[in-house]
>>> print(open('protein_21.txt').read())   # compact mmCIF, C-alpha atoms
# COMPACT_ATOMS: atom_id res chain seq x y z
CA MET A 1 -8.99 -4.96 -24.18
CA GLY A 2 -10.53 -1.65 -23.30
CA LYS A 3 -11.55 0.94 -25.81
CA ALA A 4 -8.32 2.88 -26.16
CA ASP A 5 -5.48 1.61 -28.31
CA PHE A 6 -2.50 2.81 -26.29
CA SER A 7 -0.16 2.53 -29.24
CA LYS A 8 -2.18 5.23 -31.01
CA THR A 9 -3.78 7.42 -28.32
CA ASN A 10 -3.00 9.89 -25.60
CA LEU A 11 -3.73 9.22 -21.97
CA THR A 12 -7.01 10.48 -20.60
CA ASP A 13 -8.31 10.13 -17.09
CA SER A 14 -10.97 7.73 -18.29
CA ASN A 15 -8.74 5.40 -20.31
CA VAL A 16 -6.10 5.23 -17.55
CA ARG A 17 -8.78 4.30 -15.02
CA ASP A 18 -10.30 1.76 -17.42
CA MET A 19 -6.95 0.13 -18.11
CA LEU A 20 -5.95 -0.08 -14.45
CA ASN A 21 -9.30 -1.57 -13.47
CA TYR A 22 -9.26 -3.97 -16.41
CA GLN A 23 -5.78 -5.23 -15.52
CA LEU A 24 -6.72 -5.67 -11.87
CA LEU A 25 -9.72 -7.71 -12.96
CA ASN A 26 -7.56 -9.79 -15.29
CA ILE A 27 -5.01 -10.71 -12.65
CA SER A 28 -7.61 -11.23 -9.93
CA LYS A 29 -8.74 -14.39 -11.74
CA VAL A 30 -5.33 -15.91 -11.11
CA SER A 31 -5.16 -15.48 -7.36
CA PHE A 32 -8.84 -16.27 -6.90
CA ASN A 33 -8.78 -19.54 -8.83
CA TYR A 34 -5.35 -20.67 -7.65
CA GLU A 35 -5.05 -19.78 -3.99
CA LEU A 36 -8.34 -18.49 -2.68
CA LEU A 37 -10.52 -21.34 -3.98
CA ASN A 38 -7.97 -23.86 -2.75
CA PHE A 39 -7.73 -22.48 0.78
CA MET A 40 -8.45 -25.23 3.27
CA TYR A 41 -9.98 -24.10 6.53
CA THR A 42 -8.27 -25.69 9.50
CA ASN A 43 -8.88 -23.00 12.08
CA PRO A 44 -10.79 -20.11 10.51
CA LEU A 45 -10.10 -17.76 13.41
CA GLY A 46 -6.39 -18.44 13.85
CA GLU A 47 -4.57 -19.60 10.76
CA VAL A 48 -5.89 -17.21 8.11
CA SER A 49 -3.06 -14.68 8.53
CA THR A 50 -0.42 -17.43 8.41
CA TRP A 51 -1.99 -18.79 5.24
CA TYR A 52 -2.35 -15.32 3.70
CA ASN A 53 1.31 -14.45 4.38
CA SER A 54 2.38 -17.64 2.60
CA THR A 55 0.31 -17.01 -0.53
CA VAL A 56 2.07 -16.16 -3.77
CA SER A 57 -0.41 -14.50 -6.06
CA LEU A 58 -3.14 -13.48 -3.60
CA LYS A 59 -0.95 -11.37 -1.31
CA ASN A 60 0.70 -9.75 -4.32
CA TYR A 61 -2.69 -9.07 -5.90
CA ILE A 62 -4.16 -7.51 -2.77
CA GLU A 63 -1.13 -5.25 -2.26
CA LEU A 64 -1.24 -4.20 -5.91
CA SER A 65 -5.00 -3.59 -5.71
CA ILE A 66 -4.68 -1.42 -2.62
CA ALA A 67 -1.91 0.63 -4.24
CA THR A 68 -3.88 1.01 -7.47
CA LEU A 69 -7.13 1.90 -5.77
CA ASN A 70 -5.34 4.48 -3.63
CA LYS A 71 -3.91 6.08 -6.78
CA LEU A 72 -7.34 6.09 -8.40
CA LYS A 73 -8.98 7.54 -5.30
CA ASN A 74 -6.38 10.24 -4.63
CA ALA A 75 -6.11 11.75 -8.12
CA ASN A 76 -8.96 13.65 -9.74
CA ASP A 77 -7.38 13.79 -13.18
CA LEU A 78 -4.89 10.97 -13.58
CA ALA A 79 -3.76 12.05 -17.03
CA SER A 80 -2.64 15.47 -15.84
CA HIS A 81 -1.24 13.97 -12.63
CA ILE A 82 0.98 11.65 -14.68
CA GLY A 83 2.57 14.55 -16.53
CA THR A 84 6.02 13.80 -17.93
CA ASN A 85 5.68 10.05 -17.32
CA SER A 86 2.89 9.65 -19.86
CA THR A 87 5.19 8.14 -22.50
CA ASN A 88 6.39 5.47 -20.08
CA ILE A 89 2.83 4.60 -19.07
CA LEU A 90 1.62 4.58 -22.68
CA ASN A 91 4.42 2.15 -23.55
CA LEU A 92 3.55 -0.14 -20.64
CA PHE A 93 -0.16 -0.10 -21.47
CA ALA A 94 0.55 -0.72 -25.17
CA SER A 95 2.79 -3.66 -24.22
CA MET A 96 0.03 -5.12 -22.04
CA GLN A 97 -2.44 -4.78 -24.90
CA ARG A 98 -0.05 -6.49 -27.32
CA GLN A 99 0.37 -9.38 -24.89
CA GLU A 100 -3.27 -9.75 -23.93
CA LYS A 101 -3.96 -12.64 -26.30
CA GLU A 102 -0.94 -14.58 -25.01
CA PHE A 103 -1.96 -13.83 -21.42
CA GLU A 104 -5.44 -15.23 -22.06
CA GLN A 105 -4.09 -18.34 -23.82
CA GLU A 106 -1.60 -19.05 -21.05
CA TYR A 107 -4.24 -18.30 -18.41
CA THR A 108 -6.53 -20.88 -20.04
CA ASN A 109 -3.76 -23.49 -19.80
CA PHE A 110 -3.06 -22.39 -16.22
CA TYR A 111 -6.75 -22.67 -15.29
CA GLN A 112 -7.08 -26.13 -16.87
CA SER A 113 -3.94 -27.23 -15.02
CA ILE A 114 -5.18 -26.07 -11.61
CA LYS A 115 -8.38 -28.00 -12.27
CA ALA A 116 -6.40 -31.16 -13.13
CA PHE A 117 -3.71 -30.84 -10.42
CA ASN A 118 -4.54 -31.40 -6.75
CA VAL A 119 -3.67 -27.89 -5.61
CA LYS A 120 -5.28 -28.31 -2.18
CA GLU A 121 -3.17 -31.36 -1.43
CA TYR A 122 -0.05 -29.58 -2.71
CA PHE A 123 -0.73 -26.54 -0.50
CA SER A 124 -1.34 -28.73 2.55
CA SER A 125 1.84 -30.78 2.07
CA THR A 126 4.67 -30.01 4.45
CA ASN A 127 7.38 -30.87 1.91
CA LYS A 128 6.26 -29.44 -1.42
CA SER A 129 9.33 -30.66 -3.32
CA ALA A 130 8.75 -34.23 -2.15
CA TYR A 131 5.08 -33.93 -3.03
CA ILE A 132 5.92 -32.93 -6.61
CA GLU A 133 8.55 -35.67 -6.91
CA ASN A 134 5.92 -38.25 -5.96
CA CYS A 135 3.42 -37.00 -8.53
CA SER A 136 2.94 -38.70 -11.87
CA ASN A 137 4.59 -37.20 -14.95
CA LYS A 138 1.21 -35.81 -16.01
CA GLU A 139 0.67 -34.13 -12.64
CA GLN A 140 4.21 -32.72 -12.72
CA SER A 141 3.45 -31.32 -16.16
CA TYR A 142 0.35 -29.59 -14.81
CA PHE A 143 2.40 -28.20 -11.94
CA ASN A 144 5.02 -26.89 -14.37
CA ILE A 145 2.33 -25.13 -16.42
CA ILE A 146 1.02 -23.50 -13.23
CA ASN A 147 4.48 -22.44 -12.10
CA ASN A 148 5.56 -21.22 -15.53
CA PHE A 149 2.48 -19.03 -15.82
CA LEU A 150 2.86 -17.57 -12.32
CA ASN A 151 6.56 -16.86 -12.81
CA GLY A 152 6.19 -15.73 -16.41
CA ARG A 153 3.20 -13.98 -17.92
CA TYR A 154 1.40 -13.30 -14.62
CA LEU A 155 4.52 -11.84 -13.01
CA ALA A 156 5.16 -9.70 -16.10
CA PHE A 157 1.66 -8.22 -15.89
CA THR A 158 1.87 -7.53 -12.15
CA ASP A 159 5.34 -6.02 -12.58
CA GLY A 160 3.97 -3.87 -15.40
CA LEU A 161 1.18 -2.58 -13.17
CA THR A 162 3.68 -1.89 -10.40
CA ASP A 163 5.78 0.09 -12.89
CA VAL A 164 2.73 2.08 -14.01
CA LEU A 165 1.97 2.95 -10.40
CA SER A 166 5.55 4.07 -9.84
CA TYR A 167 5.14 6.62 -12.66
CA MET A 168 1.95 8.03 -11.18
>>> encode(input="protein_21.txt", output="structure tokens")
Amino acid sequence: MGKADFSKTNLTDSNVRDMLNYQLLNISKVSFNYELLNFMYTNPLGEVSTWYNSTVSLKNYIELSIATLNKLKNANDLASHIGTNSTNILNLFASMQRQEKEFEQEYTNFYQSIKAFNVKEYFSSTNKSAYIENCSNKEQSYFNIINNFLNGRYLAFTDGLTDVLSYM
């Protein structure tokens, strides 16, 4: 991930920007493949905001992207802007780098599960719990992999980015 090893380097404007952009790219895959590709158009002009407000990863991703891009746009030299919080940010970035391999492995399982599970049908169901209960054991297993990733590794990475932004 990136060029800088955050366990051994100081923050520079360039490596902070690279890391933030890289992490946004990494987590964008999740919301794109899970919710955006599985959006079912019923009334393209009326129901998009209702759907968007009910999304899990997409809404979170867009809010995080806007906040990150605003930080990147409004600071000429991020490293000097960070100041006394550089140790906290270095630790968060180093933690993300240490967990990158696990993130990618779990993302691969997540991606295979969303391909095998009928996500569109799940999203369109009015009673999601009943839908899952009526799925086969294999489908429930896929759903559990999806949920575990979203509530585990994905959430940890988005929380980490949120923490980085709070130090900037």
>>> closest_residue(input="protein_21.txt", among="A:Met168, A:Ile62, A:Ala130, A:Leu11", to="Val30 (chain A)", atoms="only C-alpha atoms")
A:Ile62
>>> residues_around(input="protein_21.txt", residues="Phe6 (chain A)", least_positions_apart="5", cutoff="10 Å", atoms="only C-alpha atoms", output="PyMOL selection string")
chain A and resi 11+15-16+19+89-98
>>> residues_around(input="protein_21.txt", residues="Ile27 (chain A)", least_positions_apart="3", cutoff="8 Å", atoms="all atoms listed in the file", output="mmCIF file with C-alpha atoms, in the coordinates of the input")
data_model
loop_
_atom_site.group_PDB
_atom_site.id
_atom_site.type_symbol
_atom_site.label_atom_id
_atom_site.label_comp_id
_atom_site.auth_asym_id
_atom_site.auth_seq_id
_atom_site.Cartn_x
_atom_site.Cartn_y
_atom_site.Cartn_z
ATOM 1 C CA GLN A 23 -5.780 -5.230 -15.520
ATOM 2 C CA LEU A 24 -6.720 -5.670 -11.870
ATOM 3 C CA VAL A 30 -5.330 -15.910 -11.110
ATOM 4 C CA SER A 31 -5.160 -15.480 -7.360
ATOM 5 C CA TYR A 61 -2.690 -9.070 -5.900
ATOM 6 C CA TYR A 154 1.400 -13.300 -14.620
ATOM 7 C CA PHE A 157 1.660 -8.220 -15.890
ATOM 8 C CA THR A 158 1.870 -7.530 -12.150
#
>>> closest_residue(input="protein_21.txt", among="A:Leu155, A:Leu64, A:Ile132, A:Ile145", to="Leu25 (chain A)", atoms="only C-alpha atoms")
A:Leu64
>>> closest_residue(input="protein_21.txt", among="A:Tyr22, A:Tyr122, A:Phe110, A:Tyr167", to="Asn147 (chain A)", atoms="only C-alpha atoms")
A:Phe110
>>> closest_residue(input="protein_21.txt", among="A:Thr162, A:Asn88, A:Asn26, A:Ser7", to="Glu63 (chain A)", atoms="all atoms listed in the file")
A:Thr162
>>> atom_distance(input="protein_21.txt", atom1="CA of Ser57 (chain A)", atom2="CA of Asn151 (chain A)")
10.0 Å
>>> atom_distance(input="protein_21.txt", atom1="CA of Val164 (chain A)", atom2="CA of Tyr111 (chain A)")
26.5 Å
>>> atom_distance(input="protein_21.txt", atom1="CA of Leu58 (chain A)", atom2="CA of Asp163 (chain A)")
18.7 Å
>>> closest_residue(input="protein_21.txt", among="A:Gln140, A:Ser166, A:Thr55, A:Ser129", to="Ile114 (chain A)", atoms="all atoms listed in the file")
A:Gln140
